[in-house]
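The next block is input14.txt, given as compact mmCIF, C-alpha atoms.
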# COMPACT_ATOMS: atom_id res chain seq x y z
CA MET A 1 171.77 -41.44 -52.74
CA PHE A 2 171.71 -41.12 -48.97
CA ILE A 3 174.98 -39.58 -47.72
CA VAL A 4 176.09 -38.91 -44.13
CA ASN A 5 177.05 -35.25 -43.69
CA SER A 6 177.79 -35.02 -39.94
CA TYR A 7 180.18 -36.78 -37.58
CA PHE A 8 177.40 -37.23 -34.98
CA LEU A 9 175.16 -39.08 -37.45
CA ALA A 10 178.15 -41.17 -38.57
CA VAL A 11 178.75 -42.24 -34.95
CA VAL A 12 175.05 -43.07 -34.47
CA LEU A 13 175.08 -45.25 -37.59
CA CYS A 14 178.29 -46.93 -36.41
CA PHE A 15 176.49 -47.87 -33.21
CA VAL A 16 173.72 -49.41 -35.34
CA THR A 17 176.49 -51.30 -37.13
CA MET A 18 177.74 -52.52 -33.76
CA LEU A 19 174.24 -53.72 -32.83
CA CYS A 20 173.84 -55.52 -36.16
CA TRP A 21 177.29 -57.13 -36.17
CA GLY A 22 176.90 -58.20 -32.55
CA SER A 23 173.37 -59.59 -32.98
CA TRP A 24 173.33 -61.61 -36.20
CA GLY A 25 174.91 -64.54 -34.37
CA ASN A 26 171.64 -65.00 -32.48
CA THR A 27 170.04 -66.26 -35.67
CA GLN A 28 172.70 -68.96 -35.88
CA LYS A 29 172.01 -69.90 -32.27
CA LEU A 30 168.30 -70.17 -33.07
CA ALA A 31 168.86 -72.25 -36.19
CA ALA A 32 171.44 -74.48 -34.45
CA LYS A 33 168.68 -76.33 -32.59
CA SER A 34 167.99 -78.31 -35.78
CA TRP A 35 170.43 -76.97 -38.37
CA ARG A 36 174.19 -77.29 -38.87
CA TYR A 37 176.04 -73.99 -39.15
CA GLU A 38 177.41 -74.96 -42.58
CA LEU A 39 173.83 -75.11 -43.89
CA PHE A 40 172.80 -71.99 -41.97
CA TYR A 41 175.63 -70.13 -43.65
CA TRP A 42 174.11 -70.62 -47.12
CA ASP A 43 170.91 -68.91 -46.02
CA TYR A 44 172.97 -66.21 -44.31
CA VAL A 45 174.83 -65.42 -47.55
CA ILE A 46 171.64 -65.43 -49.64
CA GLY A 47 170.06 -62.99 -47.19
CA MET A 48 173.14 -60.77 -47.52
CA VAL A 49 172.83 -60.61 -51.32
CA ILE A 50 169.07 -59.89 -51.29
CA PHE A 51 169.35 -57.13 -48.68
CA SER A 52 172.33 -55.48 -50.42
CA LEU A 53 170.23 -55.16 -53.59
CA ILE A 54 167.31 -53.71 -51.63
CA LEU A 55 169.61 -51.06 -50.13
CA ALA A 56 171.18 -50.29 -53.52
CA PHE A 57 167.82 -49.61 -55.20
CA THR A 58 166.48 -47.57 -52.26
CA LEU A 59 169.01 -45.59 -50.18
CA GLY A 60 171.60 -46.01 -52.92
CA SER A 61 169.40 -44.60 -55.67
CA PHE A 62 166.97 -42.11 -54.09
CA GLY A 63 167.76 -38.40 -53.60
CA SER A 64 169.67 -35.77 -55.55
CA GLU A 65 173.20 -36.35 -54.18
CA GLY A 66 175.73 -38.69 -55.74
CA ARG A 67 175.42 -41.33 -58.45
CA SER A 68 172.54 -43.79 -58.38
CA PHE A 69 173.33 -47.49 -58.14
CA ILE A 70 172.79 -48.15 -61.87
CA GLN A 71 174.89 -45.12 -62.85
CA ASP A 72 177.66 -46.19 -60.51
CA VAL A 73 177.71 -49.80 -61.73
CA SER A 74 177.95 -48.66 -65.36
CA GLN A 75 181.21 -46.77 -64.77
CA VAL A 76 183.00 -48.85 -62.15
CA SER A 77 186.47 -50.16 -63.07
CA LEU A 78 187.60 -53.79 -62.96
CA VAL A 79 190.38 -52.81 -60.55
CA SER A 80 187.85 -51.48 -58.03
CA VAL A 81 185.69 -54.58 -58.47
CA GLY A 82 188.77 -56.74 -57.92
CA TRP A 83 189.63 -55.05 -54.61
CA VAL A 84 186.09 -55.46 -53.28
CA LEU A 85 185.86 -59.08 -54.40
CA LEU A 86 189.20 -59.83 -52.72
CA GLY A 87 187.85 -58.27 -49.52
CA ALA A 88 184.75 -60.46 -49.87
CA VAL A 89 186.77 -63.67 -50.15
CA VAL A 90 188.92 -62.74 -47.15
CA PHE A 91 185.82 -61.91 -45.14
CA ASN A 92 184.07 -65.14 -46.15
CA ILE A 93 186.94 -67.31 -44.98
CA SER A 94 187.08 -65.48 -41.65
CA ASN A 95 183.32 -65.47 -41.11
CA ILE A 96 183.00 -69.21 -41.72
CA LEU A 97 185.72 -69.75 -39.13
CA LEU A 98 183.83 -67.43 -36.76
CA SER A 99 180.57 -69.31 -37.38
CA ALA A 100 182.36 -72.56 -36.57
CA SER A 101 183.70 -71.01 -33.38
CA ILE A 102 180.21 -69.85 -32.35
CA SER A 103 178.85 -73.37 -32.83
CA ILE A 104 181.67 -74.84 -30.70
CA ALA A 105 182.55 -72.26 -28.03
CA GLY A 106 179.45 -70.06 -27.90
CA LEU A 107 178.55 -66.49 -28.83
CA SER A 108 180.06 -64.80 -25.79
CA VAL A 109 183.47 -66.42 -26.40
CA ALA A 110 183.76 -66.42 -30.21
CA PHE A 111 182.78 -62.79 -30.73
CA PRO A 112 184.93 -61.05 -28.09
CA LEU A 113 187.99 -63.07 -29.08
CA GLY A 114 187.56 -63.22 -32.87
CA VAL A 115 185.93 -59.89 -33.63
CA GLY A 116 187.84 -58.16 -30.84
CA LEU A 117 191.13 -59.22 -32.41
CA ALA A 118 189.79 -58.14 -35.82
CA LEU A 119 189.04 -54.73 -34.31
CA VAL A 120 192.60 -54.22 -33.08
CA MET A 121 194.36 -55.40 -36.23
CA GLY A 122 191.75 -53.86 -38.54
CA VAL A 123 192.15 -50.42 -36.98
CA LEU A 124 195.91 -50.62 -37.54
CA ASN A 125 195.40 -51.74 -41.14
CA ASN A 126 193.01 -48.87 -41.85
CA LEU A 127 195.31 -46.35 -40.16
CA ILE A 128 198.14 -47.45 -42.44
CA PHE A 129 196.26 -47.81 -45.72
CA HIS A 130 193.39 -45.31 -45.28
CA PRO A 131 194.53 -42.59 -42.82
CA ASN A 132 192.25 -39.70 -41.87
CA ALA A 133 193.73 -36.31 -40.93
CA ASN A 134 190.95 -35.69 -38.37
CA THR A 135 191.76 -38.80 -36.34
CA ASN A 136 193.67 -38.43 -33.07
CA VAL A 137 195.81 -41.55 -33.42
CA ALA A 138 197.04 -41.55 -29.79
CA VAL A 139 193.50 -41.48 -28.35
CA LEU A 140 192.33 -44.06 -30.90
CA LEU A 141 195.13 -46.47 -29.98
CA LEU A 142 194.44 -45.97 -26.26
CA GLY A 143 190.81 -46.91 -26.89
CA VAL A 144 191.95 -49.98 -28.81
CA ALA A 145 194.29 -50.92 -25.93
CA LEU A 146 191.30 -50.92 -23.54
CA VAL A 147 189.45 -53.19 -25.95
CA VAL A 148 192.45 -55.56 -25.92
CA ALA A 149 192.25 -55.64 -22.11
CA ALA A 150 188.54 -56.47 -22.40
CA ILE A 151 189.35 -59.33 -24.78
CA ILE A 152 191.89 -60.71 -22.29
CA CYS A 153 189.25 -60.62 -19.53
CA ASN A 154 186.88 -62.56 -21.74
CA GLY A 155 189.54 -65.11 -22.62
CA VAL A 156 190.35 -65.73 -18.95
CA ALA A 157 186.64 -66.00 -18.14
CA SER A 158 186.06 -68.52 -20.94
CA GLY A 159 188.85 -70.65 -19.51
CA LYS A 160 186.98 -70.87 -16.22
CA VAL A 161 183.83 -72.34 -17.78
CA SER A 162 183.07 -75.69 -16.21
CA THR A 163 184.02 -78.69 -18.34
CA GLU A 164 180.60 -80.09 -17.40
CA VAL A 165 179.03 -77.21 -19.33
CA ARG A 166 181.42 -77.23 -22.31
CA ASP A 167 183.96 -79.86 -23.39
CA ALA A 168 187.45 -78.46 -22.68
CA LYS A 169 189.03 -79.81 -25.89
CA GLN A 170 186.20 -78.48 -28.04
CA ASN A 171 186.35 -75.16 -26.21
CA ARG A 172 190.04 -74.81 -27.07
CA LYS A 173 189.27 -75.58 -30.71
CA GLY A 174 186.58 -72.91 -30.67
CA ILE A 175 189.02 -70.35 -29.23
CA ILE A 176 191.68 -71.18 -31.86
CA LEU A 177 189.12 -70.83 -34.66
CA ALA A 178 187.98 -67.47 -33.23
CA LEU A 179 191.57 -66.16 -33.15
CA LEU A 180 192.21 -67.28 -36.73
CA ALA A 181 188.95 -65.67 -37.80
CA GLY A 182 189.95 -62.40 -36.15
CA ILE A 183 193.37 -62.25 -37.80
CA ILE A 184 191.94 -62.88 -41.28
CA MET A 185 188.89 -60.64 -40.78
CA SER A 186 191.06 -57.64 -39.88
CA PHE A 187 192.10 -57.22 -43.53
CA PHE A 188 188.74 -57.23 -45.31
CA SER A 189 187.60 -53.62 -44.79
CA ALA A 190 190.95 -52.11 -45.86
CA LEU A 191 190.77 -54.17 -49.06
CA VAL A 192 187.17 -53.11 -49.78
CA TYR A 193 187.96 -49.42 -49.22
CA ASN A 194 190.54 -49.59 -52.03
CA GLY A 195 187.58 -49.69 -54.41
CA VAL A 196 185.58 -46.90 -52.70
CA ASP A 197 186.30 -43.15 -52.82
CA LEU A 198 186.20 -42.34 -49.08
CA ASP A 199 186.93 -38.65 -49.68
CA ASN A 200 183.88 -37.87 -51.80
CA PHE A 201 180.77 -40.05 -51.79
CA ALA A 202 178.74 -37.35 -53.61
CA ALA A 203 181.09 -37.32 -56.61
CA PRO A 204 183.43 -40.33 -56.44
CA LYS A 205 186.41 -40.54 -58.75
CA ALA A 206 185.83 -42.24 -62.09
CA GLY A 207 186.03 -46.00 -61.71
CA MET A 208 185.55 -45.93 -57.94
CA MET A 209 182.38 -47.17 -56.21
CA THR A 210 179.82 -45.67 -53.89
CA PRO A 211 179.32 -47.62 -50.61
CA TYR A 212 176.05 -49.09 -51.91
CA THR A 213 177.63 -50.53 -55.06
CA ALA A 214 180.53 -51.85 -53.00
CA MET A 215 178.06 -53.62 -50.71
CA VAL A 216 176.37 -55.38 -53.64
CA VAL A 217 179.69 -56.43 -55.23
CA PHE A 218 180.92 -57.56 -51.81
CA ALA A 219 177.78 -59.66 -51.14
CA LEU A 220 178.01 -61.28 -54.57
CA GLY A 221 181.69 -62.01 -53.93
CA VAL A 222 180.84 -63.75 -50.67
CA PHE A 223 178.06 -65.73 -52.38
CA LEU A 224 180.23 -66.91 -55.29
CA SER A 225 183.23 -67.78 -53.12
CA ASN A 226 180.92 -69.74 -50.85
CA PHE A 227 180.58 -72.44 -53.52
CA ILE A 228 184.25 -73.23 -52.94
CA ILE A 229 184.91 -72.28 -49.32
CA ASN A 230 181.73 -73.56 -47.68
CA THR A 231 181.63 -76.67 -49.87
CA ILE A 232 185.07 -77.62 -48.52
CA VAL A 233 183.89 -77.01 -44.94
CA MET A 234 180.74 -79.08 -45.56
CA LYS A 235 182.87 -82.01 -46.69
CA LYS A 236 185.55 -81.52 -44.01
CA PRO A 237 183.72 -79.89 -41.07
CA PHE A 238 185.50 -78.64 -37.95
CA VAL A 239 183.14 -80.64 -35.78
CA GLY A 240 180.73 -83.48 -36.57
CA GLY A 241 180.31 -85.49 -39.78
CA PRO A 242 180.08 -84.18 -43.36
CA VAL A 243 176.87 -82.50 -44.54
CA THR A 244 175.41 -82.54 -48.05
CA TYR A 245 173.48 -80.14 -50.24
CA SER A 246 170.52 -82.53 -50.20
CA GLU A 247 170.22 -81.84 -46.45
CA TYR A 248 170.05 -78.11 -47.17
CA PHE A 249 167.02 -78.54 -49.44
CA LYS A 250 165.28 -80.58 -46.75
CA GLY A 251 165.22 -77.56 -44.43
CA ASN A 252 161.85 -75.96 -43.73
CA CYS A 253 160.90 -72.40 -44.71
CA LYS A 254 161.21 -71.06 -41.15
CA THR A 255 164.77 -72.34 -40.79
CA HIS A 256 165.83 -70.82 -44.12
CA LEU A 257 164.25 -67.48 -43.24
CA VAL A 258 166.10 -67.34 -39.91
CA GLY A 259 169.41 -67.68 -41.76
CA MET A 260 168.44 -65.04 -44.32
CA LEU A 261 167.47 -62.71 -41.48
CA GLY A 262 170.96 -63.14 -40.05
CA GLY A 263 172.54 -62.20 -43.38
CA SER A 264 170.24 -59.19 -43.74
CA ILE A 265 171.12 -57.95 -40.26
CA TRP A 266 174.83 -58.24 -40.99
CA CYS A 267 174.42 -56.57 -44.39
CA LEU A 268 172.55 -53.59 -42.90
CA GLY A 269 175.31 -53.07 -40.34
CA THR A 270 178.06 -53.30 -42.95
CA ALA A 271 176.35 -50.93 -45.38
CA LEU A 272 175.92 -48.34 -42.62
CA ASN A 273 179.57 -48.79 -41.70
CA TYR A 274 180.66 -48.10 -45.28
CA ILE A 275 178.34 -45.07 -45.47
CA SER A 276 179.73 -43.66 -42.21
CA ALA A 277 183.38 -44.16 -43.18
CA GLY A 278 183.37 -41.09 -45.40
CA LYS A 279 182.66 -38.77 -42.45
CA ALA A 280 184.12 -40.65 -39.47
CA GLY A 281 187.14 -42.09 -41.27
CA ALA A 282 187.86 -45.73 -42.09
CA SER A 283 189.66 -46.57 -38.83
CA VAL A 284 187.10 -44.96 -36.47
CA SER A 285 184.01 -46.33 -38.27
CA TYR A 286 185.55 -49.80 -38.40
CA ALA A 287 186.58 -49.68 -34.73
CA LEU A 288 183.11 -48.62 -33.57
CA GLY A 289 181.40 -51.26 -35.69
CA GLN A 290 183.72 -53.92 -34.38
CA GLY A 291 182.58 -53.06 -30.86
CA ALA A 292 180.15 -55.85 -31.72
CA PRO A 293 181.77 -58.24 -29.18
CA LEU A 294 180.22 -56.15 -26.40
CA ILE A 295 176.75 -56.72 -27.87
CA ALA A 296 177.43 -60.40 -28.55
CA ALA A 297 178.75 -60.90 -25.03
CA ILE A 298 175.57 -59.35 -23.60
CA TRP A 299 173.47 -61.78 -25.64
CA GLY A 300 175.69 -64.72 -24.70
CA VAL A 301 175.86 -63.93 -20.98
CA PHE A 302 172.33 -62.75 -20.24
CA ILE A 303 170.15 -64.45 -22.86
CA TRP A 304 171.91 -67.69 -23.79
CA LYS A 305 173.47 -68.22 -20.30
CA GLU A 306 176.72 -69.44 -21.84
CA PHE A 307 178.70 -68.87 -18.62
CA LYS A 308 176.24 -70.68 -16.37
CA GLY A 309 178.12 -73.03 -14.05
CA ALA A 310 181.42 -71.22 -14.48
CA LYS A 311 184.03 -71.15 -11.73
CA LYS A 312 184.38 -68.45 -9.07
CA GLY A 313 185.61 -65.06 -10.26
CA VAL A 314 184.00 -65.18 -13.71
CA ASN A 315 181.37 -62.53 -12.90
CA GLY A 316 184.10 -60.06 -11.95
CA LEU A 317 186.00 -60.76 -15.17
CA LEU A 318 182.86 -60.30 -17.25
CA ALA A 319 182.05 -57.03 -15.47
CA SER A 320 185.60 -55.80 -16.12
CA MET A 321 185.24 -56.79 -19.79
CA PHE A 322 182.07 -54.71 -20.20
CA VAL A 323 183.58 -51.65 -18.45
CA LEU A 324 186.79 -51.81 -20.49
CA PHE A 325 184.88 -52.24 -23.75
CA ILE A 326 182.66 -49.24 -23.01
CA ALA A 327 185.64 -47.06 -22.02
CA GLY A 328 187.54 -48.14 -25.12
CA LEU A 329 184.63 -47.35 -27.42
CA ALA A 330 184.21 -43.92 -25.79
CA LEU A 331 187.86 -43.07 -26.54
CA ILE A 332 187.46 -44.32 -30.12
CA ILE A 333 184.53 -41.91 -30.60
CA ILE A 334 186.49 -38.99 -29.12
CA SER A 335 189.49 -39.76 -31.34
CA GLY A 336 187.60 -38.95 -34.51
CA ASN A 337 185.84 -35.78 -33.37

Structure encoded using structure tokens:
Amino acid sequence: MFIVNSYFLAVVLCFVTMLCWGSWGNTQKLAAKSWRYELFYWDYVIGMVIFSLILAFTLGSFGSEGRSFIQDVSQVSLVSVGWVLLGAVVFNISNILLSASISIAGLSVAFPLGVGLALVMGVLNNLIFHPNANTNVAVLLLGVALVVAAIICNGVASGKVSTEVRDAKQNRKGIILALLAGIIMSFFSALVYNGVDLDNFAAPKAGMMTPYTAMVVFALGVFLSNFIINTIVMKKPFVGGPVTYSEYFKGNCKTHLVGMLGGSIWCLGTALNYISAGKAGASVSYALGQGAPLIAAIWGVFIWKEFKGAKKGVNGLLASMFVLFIAGLALIIISGN
């Protein structure tokens, strides 16, 4: 099993997590040209399950350190499984809300608001439930405060977007959905870590999971809960008319693959975040990974042109957001070293 043995490597992998978590939304943007996000989300979840299994039978099984995936699954306790599945359900609810927000308000608004809020609250949750003695809490919280300031800049900037570019009522709905997504999402990692032995990945306690097993159980939990959660959203969508499963099966291969790619990208980022948590600590690894709004904002601003036609002063707010995010992430890195 591949295990991270240095803080530097843990930070590098957390940055990969940030890239993955901040970039998967592009696949939804691509699919949205001909595909409702409720249908995209099924492909996204399927991609997550497939990629989690690939990781489990490769990085999670090769090498001489730790338990292989099959060995770990055979000894895991129902209590650990229950914690990870609960985290999966919580995440799934929040991520569907985030996907809805992306479809309504855009990538550069939904991510900084939703995931940024999840970063702040999630760090606090992990500090409380999974503290790490090596973490400088004061520096970590200062870094988080800068991220909060960046989120405020983004919120003000989104309010200045021309109503000719984006319907004001729909934009407000997108912002509300992003905030709800962020609040709910902040709890999922702390729940998952209850089933993982963060102190010793090489020889986890009996009944506890390795990060690779947790990723598979988590992905399956998202997939199974999707039959309830996403079915409800398909029948009662946040925007537009209801969609049916028959429409899903009418999608072409390319459209399905784009959604699966999105799920695979997210799964890779999450697995690396779990792997890094043992060395960097739950709160630091989570905070760095949730720097994803910075990446999403870059995509939204420079590639998708989501702020085109915005009122005067938006460029300054966006520049301030980027600077504050970068400074906040730098402090988060220092806090765990």

Skip Cys253 in chain A itself and residues of its chain fewer than 6 positions away, then list as a PyMOL selection string all residues within 12 Å of it, counting all atoms listed in the file. chain A and resi 31+43+259-260

What is the distance, in Å and to one decimal place, between CA of Leu198 in chain A and CA of Leu117 in chain A?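 Taking CA of Leu198 in chain A as the start and CA of Leu117 in chain A as the end point, the length is 24.2 Å.
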
For Ile70 in chain A, which residue among A:Ser335, A:Ser225, A:Asn5, A:Thr213 is the nearest when counting all atoms listed in the file?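 Closest to Ile70 in chain A of all the choices is A:Thr213.
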
Set the distance at 6 Å and use all atoms listed in the file: which residues neighbour range 278-290 of chain A once local chain neighbours fewer than 5 positions away are removed? I'd like the list as a ChimeraX atom specification. /A:7,14,17-18,119,123,126-127,132,198

Rounded to one decimal in Å, what is the spacing between CA of Phe15 in chain A and CA of Lys205 in chain A? 28.4 Å

Padding 8 Å on every side, please: axis-aligned box over the listed atoms of range 130-137 of chain A, centre and edge lengths to one decimal in Å, as AutoDock Vina command-line options.
--center_x 193.4 --center_y -40.5 --center_z -39.2 --size_x 20.9 --size_y 25.6 --size_z 28.2

Can you tell me which residues surround Ile265 in chain A at a distance of at most 9 Å, considering all atoms listed in the file, apart from same-chain residues fewer than 4 positions away, and format the answer as a list in words?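 The contact residues come out as Cys20, Trp21, Ser23, Trp24, Gly47, Met48, Phe51, Met260, Leu261, Gly269 and Thr270 of chain A.
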
Quick check, in Å to one decimal: how far apart do CA of Phe129 in chain A and CA of Ile183 in chain A lie?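 Here the two named atoms are 16.7 Å from each other.
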
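Comparing A:Leu98, A:Val120, A:Cys153, A:Val222 by their smallest distance to Leu180 in chain A, the closest is A:Leu98 (using only C-alpha atoms).
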
Polymer residues at most 9 Å from Trp83 in chain A, all atoms listed in the file, same-chain spacing of 6 or more positions, as a PyMOL selection string: chain A and resi 191-195

So that I can see what lies close to Gly328 in chain A, please list as a CSV table (one decimal) with C-alpha atoms, in the coordinates of the input the residues with an atom at most 7 Å from it, counting all atoms listed in the file and leaving out residues fewer than 4 positions away in the same chain.
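File produced: part.csv:
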chain,number,residue,atom,x,y,z
A,143,GLY,CA,190.8,-46.9,-26.9
A,144,VAL,CA,192.0,-50.0,-28.8
A,146,LEU,CA,191.3,-50.9,-23.5
A,147,VAL,CA,189.4,-53.2,-26.0
A,324,LEU,CA,186.8,-51.8,-20.5
A,332,ILE,CA,187.5,-44.3,-30.1

So, with all atoms listed in the file as the atoms that count, which of A:Ala277, A:Met321, A:Val12, A:Leu39 lies closest to Ala149 in chain A? A:Met321

Using all atoms listed in the file, which of A:Asn230, A:Ser189, A:Ser68, A:Asn154 sits nearest Pro112 in chain A?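 Once distances to Pro112 in chain A are computed over all atoms listed in the file, the minimum belongs to A:Asn154.
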
Of the listed residues A:Glu38, A:Glu65, A:Asn200, A:Phe2, that which approaches Tyr245 in chain A most closely, counting only C-alpha atoms: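 Of the candidates, the smallest distance to Tyr245 in chain A is held by A:Glu38.
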
Counting only C-alpha atoms, I want the residues whose atoms come within 10 Å of (188.3, -69.0, -52.3) in the file frame, returned as a count of residues only. 16

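Distances to Phe223 in chain A were evaluated for A:Leu331, A:Asp72, A:Ile175, A:Gly263 using all atoms listed in the file, and the minimum falls at A:Gly263.
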